[in-house]
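input18.csv (CSV, C-alpha atoms)
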chain,number,residue,atom,x,y,z
P,6,MET,CA,-12.6,-17.4,-10.8
P,7,THR,CA,-14.2,-16.3,-7.5
P,8,LEU,CA,-15.0,-12.6,-7.4
P,9,PRO,CA,-14.2,-10.5,-4.3
P,10,VAL,CA,-16.8,-9.6,-1.8
P,11,ARG,CA,-16.8,-6.2,0.0
P,12,ARG,CA,-16.7,-6.6,3.7
P,13,GLU,CA,-16.0,-4.4,6.7
P,14,VAL,CA,-14.6,-4.5,10.3
P,15,PRO,CA,-16.5,-2.1,12.6
P,16,PHE,CA,-14.7,-0.2,15.3
P,17,SER,CA,-16.0,2.5,17.7
P,18,ASP,CA,-14.5,5.2,15.6
P,19,GLY,CA,-15.5,3.9,12.2
P,20,LYS,CA,-15.0,0.9,9.9
P,21,ILE,CA,-12.2,-0.6,7.9
P,22,SER,CA,-13.5,-1.8,4.5
P,23,PHE,CA,-11.8,-4.6,2.6
P,24,LEU,CA,-12.2,-6.9,-0.4
P,25,GLU,CA,-12.1,-10.6,0.3
P,26,TRP,CA,-11.6,-13.5,-2.1
P,27,GLU,CA,-12.7,-16.6,-0.3
P,28,ALA,CA,-11.0,-20.0,-0.6
P,29,LEU,CA,-11.4,-23.5,0.8
P,30,PRO,CA,-10.8,-23.9,4.5
P,31,GLY,CA,-7.1,-24.2,5.3
P,32,ALA,CA,-5.9,-22.1,2.3
P,33,PRO,CA,-3.0,-19.8,3.1
P,34,VAL,CA,-4.0,-16.2,3.8
P,35,LEU,CA,-2.7,-13.3,1.7
P,36,VAL,CA,-3.2,-9.7,3.1
P,37,PHE,CA,-2.5,-6.9,0.7
P,38,SER,CA,-2.0,-3.1,1.5
P,39,HIS,CA,-2.2,-0.5,-1.2
P,40,ALA,CA,-0.2,2.6,-2.0
P,41,ASN,CA,-0.9,6.2,-0.8
P,42,GLY,CA,-3.8,7.7,-2.7
P,43,PHE,CA,-5.1,4.4,-4.1
P,44,ASN,CA,-7.3,1.7,-2.7
P,45,ALA,CA,-7.8,-2.1,-2.5
P,46,SER,CA,-9.9,-2.3,-5.8
P,47,THR,CA,-6.9,-0.8,-7.7
P,48,TYR,CA,-5.1,-4.2,-7.3
P,49,ARG,CA,-7.9,-6.5,-8.4
P,50,ALA,CA,-6.3,-7.5,-11.6
P,51,LEU,CA,-3.1,-8.3,-9.7
P,52,LEU,CA,-4.8,-10.4,-7.1
P,53,GLN,CA,-7.6,-12.0,-9.0
P,54,PRO,CA,-5.5,-14.7,-10.7
P,55,LEU,CA,-4.5,-15.9,-7.2
P,56,THR,CA,-8.1,-16.8,-6.4
P,57,GLY,CA,-8.5,-20.3,-5.0
P,58,ARG,CA,-4.8,-20.6,-4.0
P,59,PHE,CA,-5.2,-18.0,-1.2
P,60,ARG,CA,-7.8,-16.5,1.0
P,61,ILE,CA,-7.1,-12.9,0.0
P,62,ILE,CA,-7.8,-9.8,2.0
P,63,ALA,CA,-7.1,-6.4,0.4
P,64,TRP,CA,-8.0,-3.5,2.6
P,65,ASP,CA,-8.7,0.2,2.2
P,66,MET,CA,-6.3,2.1,4.5
P,67,ARG,CA,-7.5,5.0,6.6
P,68,GLY,CA,-8.4,8.0,4.4
P,69,HIS,CA,-8.8,5.7,1.3
P,70,GLY,CA,-11.5,3.9,-0.6
P,71,GLU,CA,-14.5,2.9,1.6
P,72,THR,CA,-12.9,2.9,5.0
P,73,THR,CA,-14.4,5.5,7.3
P,74,LEU,CA,-11.9,6.0,10.2
P,75,PRO,CA,-11.2,9.6,11.3
P,76,LEU,CA,-8.8,11.8,9.2
P,77,GLU,CA,-7.2,14.0,11.8
P,78,THR,CA,-3.8,14.9,10.2
P,79,ALA,CA,-2.3,15.0,13.6
P,80,ARG,CA,-2.4,11.2,13.4
P,81,LEU,CA,0.0,11.2,10.5
P,82,ARG,CA,3.3,10.7,12.3
P,83,GLY,CA,5.7,8.4,10.5
P,84,TRP,CA,2.8,6.1,9.2
P,85,ARG,CA,2.3,4.4,12.5
P,86,VAL,CA,-1.4,5.0,12.1
P,87,PHE,CA,-1.5,2.7,9.1
P,88,ARG,CA,0.6,0.1,10.9
P,89,ASP,CA,-1.8,0.2,13.9
P,90,ASP,CA,-4.9,0.0,11.7
P,91,LEU,CA,-3.5,-3.1,9.9
P,92,ILE,CA,-2.7,-4.8,13.2
P,93,ARG,CA,-6.1,-4.1,14.7
P,94,GLN,CA,-7.9,-5.2,11.6
P,95,LEU,CA,-6.1,-8.6,11.5
P,96,ASP,CA,-6.6,-9.0,15.3
P,97,ALA,CA,-10.3,-8.4,14.8
P,98,LEU,CA,-10.5,-11.0,12.1
P,99,ALA,CA,-8.3,-13.4,14.1
P,100,ILE,CA,-5.9,-13.7,11.2
P,101,ARG,CA,-2.3,-14.4,10.9
P,102,ALA,CA,-1.1,-13.7,7.3
P,103,ASP,CA,0.8,-16.4,5.6
P,104,VAL,CA,2.0,-13.6,3.2
P,105,LEU,CA,1.7,-10.0,4.2
P,106,ALA,CA,2.2,-8.0,1.0
P,107,GLY,CA,1.9,-4.4,-0.2
P,108,HIS,CA,2.9,-1.6,-2.5
P,109,SER,CA,4.7,1.6,-1.6
P,110,LEU,CA,3.1,3.0,1.6
P,111,GLY,CA,1.3,-0.3,2.0
P,112,ALA,CA,4.5,-2.2,1.8
P,113,THR,CA,6.2,0.0,4.4
P,114,ALA,CA,3.1,-0.3,6.7
P,115,SER,CA,3.4,-4.0,6.4
P,116,LEU,CA,7.0,-3.9,7.3
P,117,LEU,CA,6.3,-1.7,10.3
P,118,ALA,CA,3.5,-4.1,11.4
P,119,ALA,CA,5.7,-7.1,11.2
P,120,ALA,CA,8.4,-5.4,13.3
P,121,ALA,CA,5.8,-4.4,16.0
P,122,ARG,CA,4.1,-7.7,16.0
P,123,PRO,CA,6.4,-10.6,15.0
P,124,ASP,CA,3.4,-13.0,15.1
P,125,ILE,CA,1.4,-11.2,12.4
P,126,ALA,CA,2.9,-12.9,9.3
P,127,ARG,CA,4.9,-15.8,8.1
P,128,ALA,CA,6.5,-13.9,5.1
P,129,LEU,CA,6.5,-10.4,3.6
P,130,VAL,CA,6.5,-9.4,-0.1
P,131,LEU,CA,7.1,-5.7,-0.5
P,132,ALA,CA,6.7,-4.0,-3.9
P,133,GLU,CA,8.6,-0.7,-4.0
P,134,PRO,CA,8.5,-0.1,-0.3
P,135,VAL,CA,9.1,3.5,0.6
P,136,MET,CA,12.4,3.3,2.4
P,137,ALA,CA,13.6,6.8,3.0
P,138,SER,CA,16.8,7.7,4.8
P,139,ASP,CA,16.7,9.0,8.4
P,140,LEU,CA,17.9,12.4,7.1
P,141,THR,CA,15.0,12.6,4.7
P,142,ALA,CA,12.6,11.7,7.5
P,143,LEU,CA,14.2,14.3,9.7
P,144,LYS,CA,13.9,17.0,7.0
P,145,ALA,CA,10.2,16.1,6.6
P,146,ALA,CA,9.5,16.3,10.3
P,147,ILE,CA,11.1,19.7,10.4
P,148,ALA,CA,9.4,21.0,7.2
P,149,ARG,CA,5.8,19.9,8.0
P,150,PRO,CA,4.9,22.2,10.8
P,151,LEU,CA,6.5,25.1,8.8
P,152,GLY,CA,4.4,24.3,5.8
P,153,ARG,CA,7.3,23.4,3.6
P,154,SER,CA,6.6,19.7,3.0
P,155,ALA,CA,6.6,20.1,-0.8
P,156,LYS,CA,10.3,21.1,-0.7
P,157,VAL,CA,11.1,17.7,0.9
P,158,ASN,CA,8.7,15.7,-1.2
P,159,PRO,CA,7.1,17.5,-4.2
P,160,LEU,CA,4.4,14.8,-4.3
P,161,ALA,CA,2.8,16.4,-1.2
P,162,GLY,CA,2.4,19.7,-3.2
P,163,MET,CA,1.1,17.8,-6.2
P,164,ALA,CA,-1.5,16.0,-4.1
P,165,LEU,CA,-2.8,19.3,-2.8
P,166,LYS,CA,-3.3,20.5,-6.3
P,167,ARG,CA,-5.1,17.3,-7.4
P,168,ARG,CA,-8.5,17.8,-8.9
P,169,ALA,CA,-10.9,16.2,-6.4
P,170,GLU,CA,-14.4,16.4,-8.0
P,171,PHE,CA,-15.8,15.0,-11.3
P,172,ALA,CA,-19.1,14.8,-13.0
P,173,SER,CA,-18.9,11.0,-13.3
P,174,ARG,CA,-16.5,8.1,-12.8
P,175,GLU,CA,-16.2,7.9,-16.6
P,176,GLU,CA,-14.9,11.4,-16.7
P,177,ALA,CA,-12.4,10.6,-14.0
P,178,ALA,CA,-11.2,7.5,-15.7
P,179,THR,CA,-10.8,9.3,-19.0
P,180,ARG,CA,-8.8,12.1,-17.3
P,181,PHE,CA,-6.5,9.7,-15.5
P,182,THR,CA,-5.8,7.2,-18.2
P,183,GLY,CA,-2.3,7.5,-19.7
P,184,ARG,CA,-1.4,10.6,-17.6
P,185,GLY,CA,0.8,11.4,-14.7
P,186,ALA,CA,1.0,8.6,-12.1
P,187,PHE,CA,-1.2,6.5,-14.3
P,188,ALA,CA,0.9,6.8,-17.4
P,189,THR,CA,2.2,3.2,-17.4
P,190,TRP,CA,-1.0,1.6,-16.0
P,191,PRO,CA,-3.2,-0.8,-18.0
P,192,THR,CA,-6.7,0.7,-18.7
P,193,GLU,CA,-8.3,-2.1,-16.6
P,194,MET,CA,-6.4,-1.0,-13.5
P,195,VAL,CA,-7.3,2.6,-13.9
P,196,ALA,CA,-11.0,1.6,-14.0
P,197,ASP,CA,-10.5,-0.6,-10.9
P,198,TYR,CA,-8.9,2.4,-9.1
P,199,VAL,CA,-11.8,4.7,-10.0
P,200,GLU,CA,-14.4,2.2,-8.6
P,201,SER,CA,-13.5,3.0,-5.0
P,202,GLY,CA,-11.2,6.0,-5.6
P,203,VAL,CA,-14.0,8.2,-6.9
P,204,MET,CA,-17.2,8.1,-4.9
P,205,PRO,CA,-20.6,9.7,-5.1
P,206,ALA,CA,-20.9,13.0,-3.3
P,207,GLY,CA,-24.2,14.7,-3.9
P,208,ALA,CA,-24.7,15.3,-7.6
P,209,ALA,CA,-21.0,14.8,-8.3
P,210,PHE,CA,-18.2,12.3,-7.6
P,211,ARG,CA,-15.2,13.0,-5.4
P,212,LEU,CA,-11.9,11.5,-4.6
P,213,SER,CA,-12.3,9.1,-1.7
P,214,CYS,CA,-8.8,9.9,-0.6
P,215,PRO,CA,-9.0,13.7,0.1
P,216,PRO,CA,-6.0,15.6,-1.3
P,217,HIS,CA,-5.1,17.0,2.2
P,218,TRP,CA,-4.8,13.4,3.5
P,219,GLU,CA,-2.8,12.1,0.6
P,220,ALA,CA,-0.5,15.1,1.0
P,221,GLY,CA,-0.2,14.6,4.7
P,222,ALA,CA,1.0,11.0,4.2
P,223,PHE,CA,3.5,12.2,1.6
P,224,SER,CA,4.8,14.8,4.2
P,225,VAL,CA,6.1,12.3,6.7
P,226,PHE,CA,8.4,9.3,6.6
P,227,PRO,CA,9.2,6.6,9.2
P,228,PHE,CA,12.5,6.7,10.9
P,229,ARG,CA,15.1,3.9,11.3
P,230,LEU,CA,13.7,1.5,8.7
P,231,ALA,CA,17.1,-0.2,8.2
P,232,ALA,CA,17.2,-1.1,11.9
P,233,LEU,CA,13.9,-3.0,11.5
P,234,GLY,CA,15.9,-5.7,9.8
P,235,ALA,CA,17.0,-7.0,13.3
P,236,ARG,CA,13.4,-7.1,14.5
P,237,ILE,CA,11.8,-9.1,11.8
P,238,HIS,CA,12.4,-12.8,11.8
P,239,VAL,CA,10.4,-14.1,8.8
P,240,PRO,CA,11.5,-14.2,5.1
P,241,VAL,CA,11.2,-10.9,3.3
P,242,THR,CA,11.1,-10.3,-0.5
P,243,ILE,CA,11.7,-6.7,-1.8
P,244,LEU,CA,10.9,-5.8,-5.4
P,245,ALA,CA,12.1,-2.5,-6.7
P,246,GLY,CA,12.1,-0.8,-10.0
P,247,THR,CA,15.2,0.7,-11.6
P,248,LYS,CA,13.6,4.0,-12.6
P,249,ASP,CA,12.8,6.6,-9.8
P,250,SER,CA,12.5,3.9,-7.1
P,251,ALA,CA,11.3,4.9,-3.6
P,252,THR,CA,13.4,2.1,-2.1
P,253,ARG,CA,16.6,3.8,-1.4
P,254,ASP,CA,19.7,1.5,-1.9
P,255,ALA,CA,21.5,2.5,1.3
P,256,VAL,CA,18.4,1.9,3.5
P,257,ARG,CA,17.5,-1.4,1.8
P,258,ASP,CA,21.1,-2.6,2.1
P,259,GLY,CA,21.2,-1.7,5.8
P,260,PHE,CA,18.0,-3.6,6.3
P,261,MET,CA,19.3,-6.6,4.4
P,262,ARG,CA,22.5,-6.7,6.5
P,263,ARG,CA,20.6,-6.8,9.7
P,264,HIS,CA,17.9,-9.2,8.6
P,265,GLY,CA,19.7,-12.0,6.7
P,266,GLN,CA,16.7,-13.6,5.0
P,267,VAL,CA,15.9,-11.0,2.3
P,268,ARG,CA,15.4,-11.8,-1.3
P,269,PHE,CA,15.9,-8.7,-3.4
P,270,VAL,CA,14.6,-8.5,-6.9
P,271,ALA,CA,15.5,-5.5,-9.1
P,272,VAL,CA,13.1,-5.1,-12.0
P,273,GLU,CA,14.8,-3.5,-14.9
P,274,GLY,CA,12.9,-0.6,-16.4
P,275,ALA,CA,10.1,-0.7,-13.8
P,276,THR,CA,9.0,2.5,-12.1
P,277,HIS,CA,7.5,3.0,-8.7
P,278,PHE,CA,4.3,1.5,-10.2
P,279,LEU,CA,5.9,-1.9,-10.5
P,280,PRO,CA,2.7,-3.9,-9.5
P,281,MET,CA,0.8,-2.2,-12.4
P,282,GLU,CA,3.6,-2.8,-14.9
P,283,HIS,CA,4.6,-6.3,-13.8
P,284,PRO,CA,1.7,-7.9,-12.0
P,285,GLY,CA,2.8,-11.4,-13.1
P,286,LEU,CA,6.2,-11.0,-11.4
P,287,VAL,CA,4.6,-9.8,-8.2
P,288,ARG,CA,2.2,-12.8,-8.2
P,289,ALA,CA,5.1,-15.1,-8.7
P,290,GLU,CA,7.0,-13.7,-5.8
P,291,ILE,CA,3.9,-14.0,-3.6
P,292,LEU,CA,3.5,-17.7,-4.5
P,293,ARG,CA,7.2,-18.2,-3.9
P,294,ALA,CA,7.0,-16.7,-0.5
P,295,ALA,CA,4.1,-19.0,0.3
P,296,GLY,CA,6.1,-22.0,-0.8
P,297,MET,CA,3.9,-22.6,-3.9
P,298,GLU,CA,4.7,-22.9,-7.5
P,299,ALA,CA,3.7,-20.2,-10.0
Hey, can you dump this file as structure tokens for me?
Amino acid sequence: MTLPVRREVPFSDGKISFLEWEALPGAPVLVFSHANGFNASTYRALLQPLTGRFRIIAWDMRGHGETTLPLETARLRGWRVFRDDLIRQLDALAIRADVLAGHSLGATASLLAAAARPDIARALVLAEPVMASDLTALKAAIARPLGRSAKVNPLAGMALKRRAEFASREEAATRFTGRGAFATWPTEMVADYVESGVMPAGAAFRLSCPPHWEAGAFSVFPFRLAALGARIHVPVTILAGTKDSATRDAVRDGFMRRHGQVRFVAVEGATHFLPMEHPGLVRAEILRAAGMEA
């Protein structure tokens, strides 16, 4: 299998870093966006088996991995900043995605990008997209300037308390494995996360996604996601777990009513970390969206 190459797209305010698995000319393009707090390398085991069938681009979002765009928290308003970064990256690469895929924040950013730019993708595959209600988004918008974000989303408070510095990547991997958000992850995926998630900082190693940035992203939610169903005109696949899903039923159902081309897959027993727990299923849906056999 072809191994990914680390590449970057330079902009006047920094760079977007991404992993690319090359393929023969004419191969369909798969673009993958990661979850909040993680990075492109985290999903290597998920994406690697698709090598050769797609040209694959998995990028580090602003504030994550090896991307160096500015981190002013004032930019965090409903995740439009991630949407806009995705669009300008693909424009710079002159790419239209055959499949635009993502997990959690990355899935929702992909959804927002497809609504803003209908030409950006031919199909969407969204694993556990964060689809919060407008009421939740409103509560978050009110709570944030008052410093009460943790009451709306406790994950924001947990992110701020996250240990950010380690003696080595090995120490970080040992600390993460089998615990907290990583409880259901294969050891291989924890190691892949650490590769770009814990970076050298002087004599130590530090989280590449600063806790304040991760918390800031957890402190806001986009509004009117259900209404986007009427603005997206390509097939959409949504995969959601049945345990503590971030894909709210009412919002998803409203999106599906307005769209008309949604394939919904409920994965029994899966958590929000569905791509780590069921990578084969996610790959199968990506292939299906591209009109290819698993």
Residues at most 12 Å from Ala28 (chain P), counting only C-alpha atoms, excluding those fewer than 4 positions away in the same chain, as a PyMOL selection string? chain P and resi 6-10+32-35+55-62
With all atoms listed in the file as the atoms that count, which of P:Val199, P:Leu279, P:Ala188, P:Met136 lies nearest to Ala232 (chain P)?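 For Ala232 (chain P), the nearest of the candidates is P:Met136.
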Atomic separation - CA of Phe181 (chain P) relative to CA of Asp249 (chain P), Å: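 Separating CA of Asp249 (chain P) from CA of Phe181 (chain P) is a distance of 20.4 Å.
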Restricting the calculation to only C-alpha atoms: of P:Gln53, P:Thr252, P:Thr113, P:Ser213, which residue gets closest to Glu27 (chain P)? P:Gln53
Rank P:Leu131, P:Ala120, P:Ala145, P:Ala196 by their smallest atom-to-atom distance to Arg268 (chain P), using only C-alpha atoms, and report the top residue only. P:Leu131
In Å, rounded to a single decimal, give me how far CA of Pro54 (chain P) is from CA of His69 (chain P).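 Separation between CA of His69 (chain P) and CA of Pro54 (chain P): 23.9 Å.
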Counting only C-alpha atoms, give me one row per residue of region 178-269 of chain P with an atom at most 8 Å from an atom of region 150-174 of chain P, showing the shortest contact pair and its distance in Å to one decimal, sorted by chain then residue number, as a tab-separated table.
residue	atom	partner	partner_atom	distance
P:Ala178	CA	P:Arg174	CA	6.1
P:Val199	CA	P:Arg174	CA	6.4
P:Glu200	CA	P:Arg174	CA	7.5
P:Val203	CA	P:Arg174	CA	6.4
P:Met204	CA	P:Arg174	CA	7.9
P:Ala208	CA	P:Ala172	CA	7.8
P:Ala209	CA	P:Ala172	CA	5.1
P:Phe210	CA	P:Phe171	CA	5.2
P:Arg211	CA	P:Glu170	CA	4.4
P:Leu212	CA	P:Ala169	CA	5.1
P:Pro215	CA	P:Ala169	CA	7.2
P:Pro216	CA	P:Leu165	CA	5.1
P:His217	CA	P:Leu165	CA	6.0
P:Glu219	CA	P:Ala164	CA	6.2
P:Ala220	CA	P:Ala161	CA	4.2
P:Gly221	CA	P:Ala161	CA	6.9
P:Ala222	CA	P:Ala161	CA	7.8
P:Phe223	CA	P:Ala161	CA	5.1
P:Ser224	CA	P:Ser154	CA	5.4
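Taking CA of Ala235 (chain P) and CA of Phe37 (chain P) as endpoints, the distance between them is 23.2 Å.
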Can you give me N, CA and C atoms for region 133-159 of chain P, written as a short mmCIF file (atom, residue, chain, number, x, y, z; two decimals), keeping the file's coordinate frame?
data_model
loop_
_atom_site.label_atom_id
_atom_site.label_comp_id
_atom_site.auth_asym_id
_atom_site.auth_seq_id
_atom_site.Cartn_x
_atom_site.Cartn_y
_atom_site.Cartn_z
N GLU P 133 8.18 -2.10 -4.09
CA GLU P 133 8.60 -0.70 -4.00
C GLU P 133 8.23 -0.09 -2.65
N PRO P 134 8.69 -0.72 -1.56
CA PRO P 134 8.50 -0.10 -0.30
C PRO P 134 9.14 1.26 -0.18
N VAL P 135 8.47 2.22 0.43
CA VAL P 135 9.10 3.50 0.60
C VAL P 135 10.09 3.39 1.77
N MET P 136 11.37 3.42 1.43
CA MET P 136 12.40 3.30 2.40
C MET P 136 13.32 4.52 2.32
N ALA P 137 12.88 5.57 3.02
CA ALA P 137 13.60 6.80 3.00
C ALA P 137 14.69 6.83 4.06
N SER P 138 15.71 7.64 3.85
CA SER P 138 16.80 7.70 4.80
C SER P 138 16.30 8.50 6.06
N ASP P 139 17.00 8.31 7.17
CA ASP P 139 16.70 9.00 8.40
C ASP P 139 16.81 10.54 8.19
N LEU P 140 17.76 10.94 7.36
CA LEU P 140 17.90 12.40 7.10
C LEU P 140 16.71 12.93 6.38
N THR P 141 16.18 12.18 5.40
CA THR P 141 15.00 12.60 4.70
C THR P 141 13.80 12.69 5.66
N ALA P 142 13.67 11.68 6.53
CA ALA P 142 12.60 11.70 7.50
C ALA P 142 12.71 12.87 8.46
N LEU P 143 13.94 13.20 8.86
CA LEU P 143 14.20 14.30 9.70
C LEU P 143 13.78 15.65 9.05
N LYS P 144 14.20 15.79 7.80
CA LYS P 144 13.90 17.00 7.00
C LYS P 144 12.34 17.15 6.91
N ALA P 145 11.65 16.03 6.68
CA ALA P 145 10.20 16.10 6.60
C ALA P 145 9.56 16.47 7.90
N ALA P 146 10.08 15.93 8.99
CA ALA P 146 9.50 16.30 10.30
C ALA P 146 9.71 17.74 10.64
N ILE P 147 10.80 18.32 10.19
CA ILE P 147 11.10 19.70 10.40
C ILE P 147 10.20 20.60 9.49
N ALA P 148 10.08 20.17 8.24
CA ALA P 148 9.40 21.00 7.20
C ALA P 148 7.89 21.02 7.42
N ARG P 149 7.31 19.94 7.93
CA ARG P 149 5.80 19.90 8.00
C ARG P 149 5.20 20.97 8.79
N PRO P 150 5.60 21.18 10.06
CA PRO P 150 4.90 22.20 10.80
C PRO P 150 5.21 23.64 10.26
N LEU P 151 6.24 23.77 9.43
CA LEU P 151 6.50 25.10 8.80
C LEU P 151 5.84 25.24 7.48
N GLY P 152 5.07 24.21 7.07
CA GLY P 152 4.40 24.30 5.80
C GLY P 152 5.25 24.18 4.59
N ARG P 153 6.37 23.47 4.74
CA ARG P 153 7.30 23.40 3.60
C ARG P 153 7.51 21.94 3.14
N SER P 154 6.50 21.11 3.33
CA SER P 154 6.60 19.70 3.00
C SER P 154 6.93 19.47 1.51
N ALA P 155 6.39 20.32 0.65
CA ALA P 155 6.60 20.10 -0.80
C ALA P 155 8.05 20.25 -1.19
N LYS P 156 8.86 20.95 -0.37
CA LYS P 156 10.30 21.10 -0.70
C LYS P 156 11.03 19.77 -0.39
N VAL P 157 10.53 19.00 0.58
CA VAL P 157 11.10 17.70 0.90
C VAL P 157 10.60 16.64 -0.03
N ASN P 158 9.30 16.64 -0.26
CA ASN P 158 8.70 15.70 -1.20
C ASN P 158 7.67 16.41 -2.04
N PRO P 159 8.03 16.72 -3.29
CA PRO P 159 7.10 17.50 -4.20
C PRO P 159 5.78 16.77 -4.38
#
